[in-house]
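Q: Okay, handing you the structure first.
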Amino acid sequence: MVTGCQPLMLRRFWWVSGGLVAALILSVTLGPLAALLSQPETSALLLWQDSYLTHVAWFSLKQAALSALLSLLLAIPLARALFHRQFPGKTLLLHLFGLSQVLPVIIALFGLVAVHGAQGWLTQLMRQIGLPLPDYLFGLSGILLAHVFFNMPLATRWLVQALEQIPANHWRQAAQLDMPEWSRFCWLEWPAMRRLLPGLASLIFMLCFTSFTIVMALGGGPQATTLEVAIYQALRFDFDLASAGQLACWQLLLGTLVVLSYGWLKPATASLSSSHQPVCHYQRHALLPDCLALVCGLGLFLPPLAAIVWYGLQALFDLAWQQSMLLRTTLQSLQIALSAGTLALVLSIGLLLSCRHLSIRRQSPRWGRLLAGTGSLILLIPTSVLSTGLFILLQEKVDLFAHGFWLVMLLNALAALPYTLRALQEPMADLLLRYDRLADSLGLTGFSRLRWLEWPLLCRPAGRALALGMIFSLGDLAAIAMFGSDELQTLPWLLYQQLGHYQMRAAAATALILLLLCITLLWLVEWLASRTEHREPPSLLES
């Protein structure tokens, strides 16, 4: 038996994979950023001298703050109601809440238009009962509605899991003391939820501040425009490179401040199934507020999803003439998504191979975190800013629209990289901690180590990372909006164009196809990854 062999990668070359990936990330991000900064008339002072630019920056911050506030105000009573009440379909509902985190934004926009638009379900219902509603879907109210649709379920899931961490004996003691409902909330529930609220607020604020698709579709005009949308309009409609660069610099500056204040809240990983035993937490008079919270929360979240399925099924049978175009666009979307997800997965593995060597073998966790942090650099530079910089940097060197596929694929892979890194970071570090010495003692190196040790233990996290990368690419609109053309279209871009031309039946078919692709992709990749059994040290000894 060979001992002292080098596992998977020669230790003296531990820096190669991570160094190459970090160099690629830095060149693709800092290069376009330098192109933005080098534009003439790109000055931060001009923002305060231009009333429109000042309004855009202020509106970007205002809509993000209001979205975070409304999402949390709705999530707190809804989380309490879901925690305390038992009803059929509760587990399925929590899974649907999780779907909002990976649901492409453009799909939800179709559902919101179908419910809240001028001819939507709610508008027609209120008109029939004699209470016509004003047009609230476009402008600030529509942006807030869409942001709450996405972020209220996210906050609710995390708050429910926080309530499930309250020990059962605390509830029993509260029942023995006959504590009133308000006292239970103040002394039991609020401390459990309060720990998450600052991180949740900053997370939702960051997601809404960098929102592009929602604002572009529902903004309704220059009075409801954020920095990212203004960048896109300045570049694609006016071809004003100086204004685009100036706006991109301010987006980068404000976005960096938002990310630094975010605090890196860790995502909840607990099981969605209820882990607590149902006990009589509530008195009878609390049934009314719980029902009211459930009606408000579910009335906001479920009808748009139902509209997507209902109209989509009808449109698929009626629009046979559009099947060829829809099929071609679907295949292009899958091709881009698979390429982007695979690239994000490869970049994550290459970066984490060096990071775990630094953190574990060389006992330098700080340098390991710093190297891994290059993969999250895209969080500081939104896709719209990066697209603008690439456009300016490459416009005189290559035909951007002829190479649109590769640019969109690269930008989507970088946008998905922070999430694929999180999916793989802990499993890869845990594998090295548990089995590194055993693999050395067995002489497992190179492909043998990959086959018998690394892949069986990493196939499931790798499948999840690939699924995340593909789903983020399937739902992207920022990159394809910049580099798309008549020859290069994706389902989100086609759906956006159909909604813009009020082709609601065609949009319904496109939205349903995109929704089914995302759901099927999650299930299929998880199923394929689960077919490989995880091998434990005894099977290594046998090999």
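Ordering of the structure tokens sets the chain letters (A, B, ...); residue numbers start at 1 within each chain; ligands are numbered from 1 in the order shown.
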Looking only at the backbone, which of the residues in region 385-465 of chain A does DSSP tag as alpha helix (DSSP H), as a PyMOL selection string?
A: chain A and resi 385-394+404-442+446-449+455-465
Q: If we count only C-alpha atoms and set the cut-off at 12 Å, which residues sit around Leu316 (chain A), ignoring sequence neighbours fewer than 4 positions away in its own chain? Please answer as number ranges by chain.
A: A: 308-312, 320-323, 326-327, 505-513
Q: Write the residues of the preceding selection, restricted to C-alpha atoms, as a short mmCIF file (atom, residue, chain, number, x, y, z; two decimals), in the first residue's frame.
A:
```
data_model
loop_
_atom_site.label_atom_id
_atom_site.label_comp_id
_atom_site.auth_asym_id
_atom_site.auth_seq_id
_atom_site.Cartn_x
_atom_site.Cartn_y
_atom_site.Cartn_z
CA ILE A 308 -49.78 30.96 -14.87
CA VAL A 309 -50.97 27.34 -14.92
CA TRP A 310 -54.56 28.13 -15.98
CA TYR A 311 -53.81 30.43 -18.89
CA GLY A 312 -50.71 28.49 -19.89
CA ALA A 320 -50.11 25.59 -32.45
CA TRP A 321 -48.77 28.16 -34.95
CA GLN A 322 -46.23 29.37 -32.44
CA GLN A 323 -44.83 25.99 -31.46
CA LEU A 326 -41.36 28.49 -28.88
CA LEU A 327 -39.43 25.25 -29.40
CA ARG A 505 -52.10 34.18 -24.80
CA ALA A 506 -48.66 33.72 -26.30
CA ALA A 507 -47.12 34.98 -23.06
CA ALA A 508 -49.17 32.44 -21.09
CA ALA A 509 -47.72 29.54 -23.09
CA THR A 510 -44.18 30.87 -22.72
CA ALA A 511 -44.59 31.43 -18.97
CA LEU A 512 -45.90 27.91 -18.40
CA ILE A 513 -43.06 26.33 -20.40
#
```
Q: Write out as a list of chain:residue names each polymer residue whose atoms come within 7 Å of region 212-224 of chain A, counting only C-alpha atoms; drop sequence neighbours fewer than 2 positions from it.
A: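 Answer for this query is A:Phe59, A:Val105, A:Ile106, A:Leu137, A:Phe138, A:Gly139, A:Leu140, A:Gly142, A:Ile143, A:Ala146, A:Thr210, A:Thr226, A:Glu228, A:Val229, A:Leu477, A:Ala478.
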Q: Next, the residues of the selection above should be written as a short mmCIF file (atom, residue, chain, number, x, y, z; two decimals), in the first residue's frame with N, CA, C and O atoms.
A:
```
data_model
loop_
_atom_site.label_atom_id
_atom_site.label_comp_id
_atom_site.auth_asym_id
_atom_site.auth_seq_id
_atom_site.Cartn_x
_atom_site.Cartn_y
_atom_site.Cartn_z
N PHE A 59 -35.03 57.07 -5.79
CA PHE A 59 -36.11 56.09 -5.99
C PHE A 59 -35.59 54.66 -5.82
O PHE A 59 -36.30 53.81 -5.28
N VAL A 105 -38.20 35.79 -12.48
CA VAL A 105 -39.01 36.97 -12.19
C VAL A 105 -40.04 37.22 -13.28
O VAL A 105 -41.20 37.57 -13.01
N ILE A 106 -39.65 36.99 -14.52
CA ILE A 106 -40.55 37.31 -15.62
C ILE A 106 -41.80 36.43 -15.59
O ILE A 106 -42.87 36.85 -16.04
N LEU A 137 -50.96 48.61 -11.02
CA LEU A 137 -49.94 47.62 -11.34
C LEU A 137 -48.65 48.24 -11.83
O LEU A 137 -47.60 47.61 -11.76
N PHE A 138 -48.70 49.46 -12.34
CA PHE A 138 -47.50 50.08 -12.88
C PHE A 138 -47.12 51.28 -12.00
O PHE A 138 -47.97 51.94 -11.42
N GLY A 139 -45.83 51.52 -11.93
CA GLY A 139 -45.33 52.55 -11.04
C GLY A 139 -44.83 51.95 -9.73
O GLY A 139 -44.58 50.75 -9.62
N LEU A 140 -44.71 52.80 -8.73
CA LEU A 140 -44.18 52.35 -7.44
C LEU A 140 -45.04 51.27 -6.82
O LEU A 140 -44.52 50.29 -6.26
N GLY A 142 -46.91 48.95 -8.26
CA GLY A 142 -46.68 47.67 -8.92
C GLY A 142 -45.33 47.07 -8.57
O GLY A 142 -45.21 45.85 -8.39
N ILE A 143 -44.30 47.91 -8.47
CA ILE A 143 -42.97 47.41 -8.08
C ILE A 143 -43.02 46.82 -6.67
O ILE A 143 -42.47 45.74 -6.41
N ALA A 146 -44.84 43.40 -6.68
CA ALA A 146 -44.02 42.30 -7.19
C ALA A 146 -42.91 41.93 -6.21
O ALA A 146 -42.62 40.74 -6.00
N THR A 210 -31.13 45.78 -6.29
CA THR A 210 -30.53 45.31 -7.53
C THR A 210 -31.56 44.71 -8.48
O THR A 210 -31.19 44.07 -9.47
N THR A 226 -35.13 52.78 -11.65
CA THR A 226 -33.97 52.58 -10.78
C THR A 226 -32.69 52.75 -11.59
O THR A 226 -32.72 52.89 -12.82
N GLU A 228 -30.34 50.59 -12.34
CA GLU A 228 -30.05 49.52 -13.30
C GLU A 228 -30.87 49.69 -14.57
O GLU A 228 -30.37 49.48 -15.68
N VAL A 229 -32.14 50.03 -14.44
CA VAL A 229 -32.97 50.24 -15.62
C VAL A 229 -32.52 51.47 -16.38
O VAL A 229 -32.51 51.49 -17.62
N LEU A 477 -32.66 38.02 -17.30
CA LEU A 477 -33.12 38.97 -18.31
C LEU A 477 -32.12 40.10 -18.53
O LEU A 477 -32.10 40.70 -19.60
N ALA A 478 -31.26 40.36 -17.56
CA ALA A 478 -30.34 41.50 -17.67
C ALA A 478 -29.32 41.29 -18.77
O ALA A 478 -29.08 42.18 -19.59
#
```
Q: Which residue gives the smallest distance to Gly484 (chain A) among A:Ala68, A:Leu407, A:Ile471, A:Leu424, with only C-alpha atoms counted?
A: A:Leu407
Q: At what distance in Å, to one decimal, does CA of Ile378 (chain A) lie from CA of Thr256 (chain A)?
A: 10.5 Å
Q: Select, from A:Ser183, A:Thr156, A:Gln161, A:Ser376, the residue with the minimum atom-to-atom distance to Leu351 (chain A), counting only C-alpha atoms.
A: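 That would be A:Ser376, the residue with the smallest distance to Leu351 (chain A).
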Q: Could you give me, as a PDB file with all heavy atoms, in the first residue's frame, the residues within 10 Å of Leu305 (chain A), counting only C-alpha atoms and dropping anything in the same chain fewer than 5 positions from it?
A:
```
ATOM      1  N   LEU A  96     -44.055  25.621  -1.771  1.00  0.00           N
ATOM      2  CA  LEU A  96     -44.346  26.642  -2.773  1.00  0.00           C
ATOM      3  C   LEU A  96     -43.697  27.973  -2.410  1.00  0.00           C
ATOM      4  O   LEU A  96     -43.238  28.713  -3.279  1.00  0.00           O
ATOM      5  CB  LEU A  96     -45.861  26.816  -2.915  1.00  0.00           C
ATOM      6  CG  LEU A  96     -46.608  25.694  -3.621  1.00  0.00           C
ATOM      7  CD1 LEU A  96     -48.098  25.969  -3.619  1.00  0.00           C
ATOM      8  CD2 LEU A  96     -46.105  25.515  -5.044  1.00  0.00           C
ATOM      9  N   ILE A 107     -41.692  35.186 -15.062  1.00  0.00           N
ATOM     10  CA  ILE A 107     -42.878  34.332 -14.942  1.00  0.00           C
ATOM     11  C   ILE A 107     -43.853  34.938 -13.948  1.00  0.00           C
ATOM     12  O   ILE A 107     -45.062  35.017 -14.204  1.00  0.00           O
ATOM     13  CB  ILE A 107     -42.476  32.910 -14.490  1.00  0.00           C
ATOM     14  CG1 ILE A 107     -41.538  32.278 -15.490  1.00  0.00           C
ATOM     15  CG2 ILE A 107     -43.707  32.034 -14.320  1.00  0.00           C
ATOM     16  CD1 ILE A 107     -41.112  30.872 -15.097  1.00  0.00           C
ATOM     17  N   ALA A 108     -43.344  35.342 -12.802  1.00  0.00           N
ATOM     18  CA  ALA A 108     -44.212  35.933 -11.789  1.00  0.00           C
ATOM     19  C   ALA A 108     -44.862  37.208 -12.310  1.00  0.00           C
ATOM     20  O   ALA A 108     -46.016  37.512 -11.964  1.00  0.00           O
ATOM     21  CB  ALA A 108     -43.416  36.225 -10.529  1.00  0.00           C
ATOM     22  N   PHE A 110     -45.896  37.760 -15.318  1.00  0.00           N
ATOM     23  CA  PHE A 110     -47.078  37.374 -16.092  1.00  0.00           C
ATOM     24  C   PHE A 110     -48.240  37.047 -15.157  1.00  0.00           C
ATOM     25  O   PHE A 110     -49.384  37.461 -15.404  1.00  0.00           O
ATOM     26  CB  PHE A 110     -46.771  36.169 -16.977  1.00  0.00           C
ATOM     27  CG  PHE A 110     -48.009  35.572 -17.595  1.00  0.00           C
ATOM     28  CD1 PHE A 110     -48.573  36.152 -18.714  1.00  0.00           C
ATOM     29  CD2 PHE A 110     -48.614  34.453 -17.045  1.00  0.00           C
ATOM     30  CE1 PHE A 110     -49.720  35.624 -19.286  1.00  0.00           C
ATOM     31  CE2 PHE A 110     -49.762  33.921 -17.600  1.00  0.00           C
ATOM     32  CZ  PHE A 110     -50.315  34.503 -18.728  1.00  0.00           C
ATOM     33  N   GLY A 111     -47.984  36.293 -14.081  1.00  0.00           N
ATOM     34  CA  GLY A 111     -49.048  35.973 -13.143  1.00  0.00           C
ATOM     35  C   GLY A 111     -49.627  37.207 -12.482  1.00  0.00           C
ATOM     36  O   GLY A 111     -50.852  37.310 -12.291  1.00  0.00           O
ATOM     37  N   LEU A 112     -48.775  38.165 -12.138  1.00  0.00           N
ATOM     38  CA  LEU A 112     -49.263  39.405 -11.524  1.00  0.00           C
ATOM     39  C   LEU A 112     -50.112  40.214 -12.497  1.00  0.00           C
ATOM     40  O   LEU A 112     -51.129  40.801 -12.121  1.00  0.00           O
ATOM     41  CB  LEU A 112     -48.083  40.236 -11.025  1.00  0.00           C
ATOM     42  CG  LEU A 112     -47.323  39.658  -9.828  1.00  0.00           C
ATOM     43  CD1 LEU A 112     -46.056  40.459  -9.576  1.00  0.00           C
ATOM     44  CD2 LEU A 112     -48.195  39.648  -8.582  1.00  0.00           C
ATOM     45  N   ALA A 114     -51.852  38.929 -14.955  1.00  0.00           N
ATOM     46  CA  ALA A 114     -53.096  38.187 -15.146  1.00  0.00           C
ATOM     47  C   ALA A 114     -54.064  38.389 -13.993  1.00  0.00           C
ATOM     48  O   ALA A 114     -55.278  38.301 -14.179  1.00  0.00           O
ATOM     49  CB  ALA A 114     -52.790  36.695 -15.319  1.00  0.00           C
ATOM     50  N   VAL A 115     -53.562  38.688 -12.801  1.00  0.00           N
ATOM     51  CA  VAL A 115     -54.434  38.872 -11.637  1.00  0.00           C
ATOM     52  C   VAL A 115     -54.733  40.340 -11.394  1.00  0.00           C
ATOM     53  O   VAL A 115     -55.878  40.726 -11.125  1.00  0.00           O
ATOM     54  CB  VAL A 115     -53.793  38.236 -10.387  1.00  0.00           C
ATOM     55  CG1 VAL A 115     -54.628  38.534  -9.140  1.00  0.00           C
ATOM     56  CG2 VAL A 115     -53.659  36.728 -10.574  1.00  0.00           C
ATOM     57  N   LEU A 300     -52.203  36.992  -1.795  1.00  0.00           N
ATOM     58  CA  LEU A 300     -51.183  37.695  -2.568  1.00  0.00           C
ATOM     59  C   LEU A 300     -50.319  36.727  -3.366  1.00  0.00           C
ATOM     60  O   LEU A 300     -49.918  37.028  -4.500  1.00  0.00           O
ATOM     61  CB  LEU A 300     -50.304  38.526  -1.630  1.00  0.00           C
ATOM     62  CG  LEU A 300     -49.098  39.228  -2.249  1.00  0.00           C
ATOM     63  CD1 LEU A 300     -49.551  40.290  -3.240  1.00  0.00           C
ATOM     64  CD2 LEU A 300     -48.223  39.843  -1.174  1.00  0.00           C
ATOM     65  N   TRP A 310     -53.250  28.114 -15.310  1.00  0.00           N
ATOM     66  CA  TRP A 310     -54.557  28.125 -15.979  1.00  0.00           C
ATOM     67  C   TRP A 310     -54.461  28.663 -17.404  1.00  0.00           C
ATOM     68  O   TRP A 310     -54.883  28.003 -18.361  1.00  0.00           O
ATOM     69  CB  TRP A 310     -55.533  28.950 -15.151  1.00  0.00           C
ATOM     70  CG  TRP A 310     -56.876  29.147 -15.789  1.00  0.00           C
ATOM     71  CD1 TRP A 310     -57.353  30.272 -16.381  1.00  0.00           C
ATOM     72  CD2 TRP A 310     -57.922  28.171 -15.901  1.00  0.00           C
ATOM     73  NE1 TRP A 310     -58.612  30.080 -16.859  1.00  0.00           N
ATOM     74  CE2 TRP A 310     -58.999  28.791 -16.573  1.00  0.00           C
ATOM     75  CE3 TRP A 310     -58.054  26.845 -15.494  1.00  0.00           C
ATOM     76  CZ2 TRP A 310     -60.183  28.133 -16.859  1.00  0.00           C
ATOM     77  CZ3 TRP A 310     -59.236  26.182 -15.769  1.00  0.00           C
ATOM     78  CH2 TRP A 310     -60.280  26.820 -16.442  1.00  0.00           C
ATOM     79  N   LEU A 512     -45.703  29.266 -18.909  1.00  0.00           N
ATOM     80  CA  LEU A 512     -45.900  27.910 -18.400  1.00  0.00           C
ATOM     81  C   LEU A 512     -44.727  27.009 -18.764  1.00  0.00           C
ATOM     82  O   LEU A 512     -44.274  26.202 -17.940  1.00  0.00           O
ATOM     83  CB  LEU A 512     -47.204  27.333 -18.946  1.00  0.00           C
ATOM     84  CG  LEU A 512     -47.550  25.918 -18.454  1.00  0.00           C
ATOM     85  CD1 LEU A 512     -47.706  25.898 -16.937  1.00  0.00           C
ATOM     86  CD2 LEU A 512     -48.817  25.399 -19.126  1.00  0.00           C
ATOM     87  N   LEU A 515     -41.891  27.879 -16.441  1.00  0.00           N
ATOM     88  CA  LEU A 515     -42.157  27.379 -15.101  1.00  0.00           C
ATOM     89  C   LEU A 515     -41.941  25.875 -15.020  1.00  0.00           C
ATOM     90  O   LEU A 515     -41.298  25.368 -14.082  1.00  0.00           O
ATOM     91  CB  LEU A 515     -43.591  27.730 -14.701  1.00  0.00           C
ATOM     92  CG  LEU A 515     -44.073  27.209 -13.344  1.00  0.00           C
ATOM     93  CD1 LEU A 515     -43.251  27.808 -12.211  1.00  0.00           C
ATOM     94  CD2 LEU A 515     -45.554  27.504 -13.147  1.00  0.00           C
TER      95      LEU A 515
END
```
Q: Any idea what's packed within 8 Å of region 24-33 of chain A, counting only C-alpha atoms, ignoring anything in its chain fewer than 5 positions away? Could you give it as an mmCIF file with C-alpha atoms, in the first residue's frame?
A:
```
data_model
loop_
_atom_site.group_PDB
_atom_site.id
_atom_site.type_symbol
_atom_site.label_atom_id
_atom_site.label_comp_id
_atom_site.auth_asym_id
_atom_site.auth_seq_id
_atom_site.Cartn_x
_atom_site.Cartn_y
_atom_site.Cartn_z
ATOM 1 C CA THR A 374 -13.573 36.556 -5.309
ATOM 2 C CA GLY A 375 -16.378 34.260 -6.412
ATOM 3 C CA LEU A 377 -17.512 39.690 -6.366
ATOM 4 C CA ILE A 378 -20.483 39.696 -8.714
ATOM 5 C CA ILE A 381 -21.144 44.480 -9.451
ATOM 6 C CA LEU A 386 -21.066 44.293 -15.826
ATOM 7 C CA THR A 388 -22.545 47.817 -19.629
ATOM 8 C CA GLY A 389 -18.811 47.618 -18.990
ATOM 9 C CA LEU A 390 -18.390 44.663 -21.350
ATOM 10 C CA ILE A 392 -18.123 49.540 -23.760
ATOM 11 C CA LEU A 393 -14.940 47.464 -23.518
ATOM 12 C CA LEU A 414 -20.743 34.642 -12.932
#
```
Q: Ser333 (chain A): which residues within 10 Å, counting only C-alpha atoms, same-chain residues fewer than 2 positions away excluded, as a list in words?
A: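 The filter keeps Leu327, Arg328, Thr329, Thr330, Leu331, Gln335, Ile336, Ala337, Leu338, Ser339, Met470, Ser473, Leu474, Gly475, Asp476, Leu488, Gln489, Thr490, Leu491, Pro492, Trp493 and Leu514 of chain A.
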Q: Which value, in Å to one decimal, gives the distance between CA of Ser384 (chain A) and CA of Ala230 (chain A)?
A: 10.0 Å
Q: Give me the residues within 8 Å of Arg80 (chain A) as a list of chain:residue names, counting only C-alpha atoms and dropping any in the same chain fewer than 4 places off.
A: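 The residues that qualify are A:Ile76, A:His84, A:Val160, A:Leu163, A:Asp290.
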Q: Mind writing the picked residues with C-alpha atoms as an mmCIF file, in the first residue's frame?
A:
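Once written, result05.cif looks like this:
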```
data_model
loop_
_atom_site.group_PDB
_atom_site.id
_atom_site.type_symbol
_atom_site.label_atom_id
_atom_site.label_comp_id
_atom_site.auth_asym_id
_atom_site.auth_seq_id
_atom_site.Cartn_x
_atom_site.Cartn_y
_atom_site.Cartn_z
ATOM 1 C CA ILE A 76 -44.380 38.169 10.752
ATOM 2 C CA HIS A 84 -49.489 27.627 15.223
ATOM 3 C CA VAL A 160 -41.321 29.846 10.715
ATOM 4 C CA LEU A 163 -40.233 29.788 15.730
ATOM 5 C CA ASP A 290 -54.431 34.076 12.155
#
```
Q: Could you build a table of the residues in region 24-116 of chain A lying no more than 12 Å from region 195-199 of chain A, giving for each the nearest pair of atoms and their separation in Å rounded to one decimal place, using only C-alpha atoms, ordered by chain and ascending residue number, as a Markdown table?
A:
```
| residue | atom | partner | partner_atom | distance |
| --- | --- | --- | --- | --- |
| A:Ala68 | CA | A:Leu197 | CA | 10.3 |
| A:Leu69 | CA | A:Leu197 | CA | 10.4 |
| A:Ser71 | CA | A:Leu197 | CA | 11.0 |
| A:Leu72 | CA | A:Leu197 | CA | 7.9 |
| A:Leu73 | CA | A:Leu197 | CA | 10.6 |
| A:Ala75 | CA | A:Leu197 | CA | 10.5 |
| A:Ile76 | CA | A:Leu197 | CA | 9.6 |
```
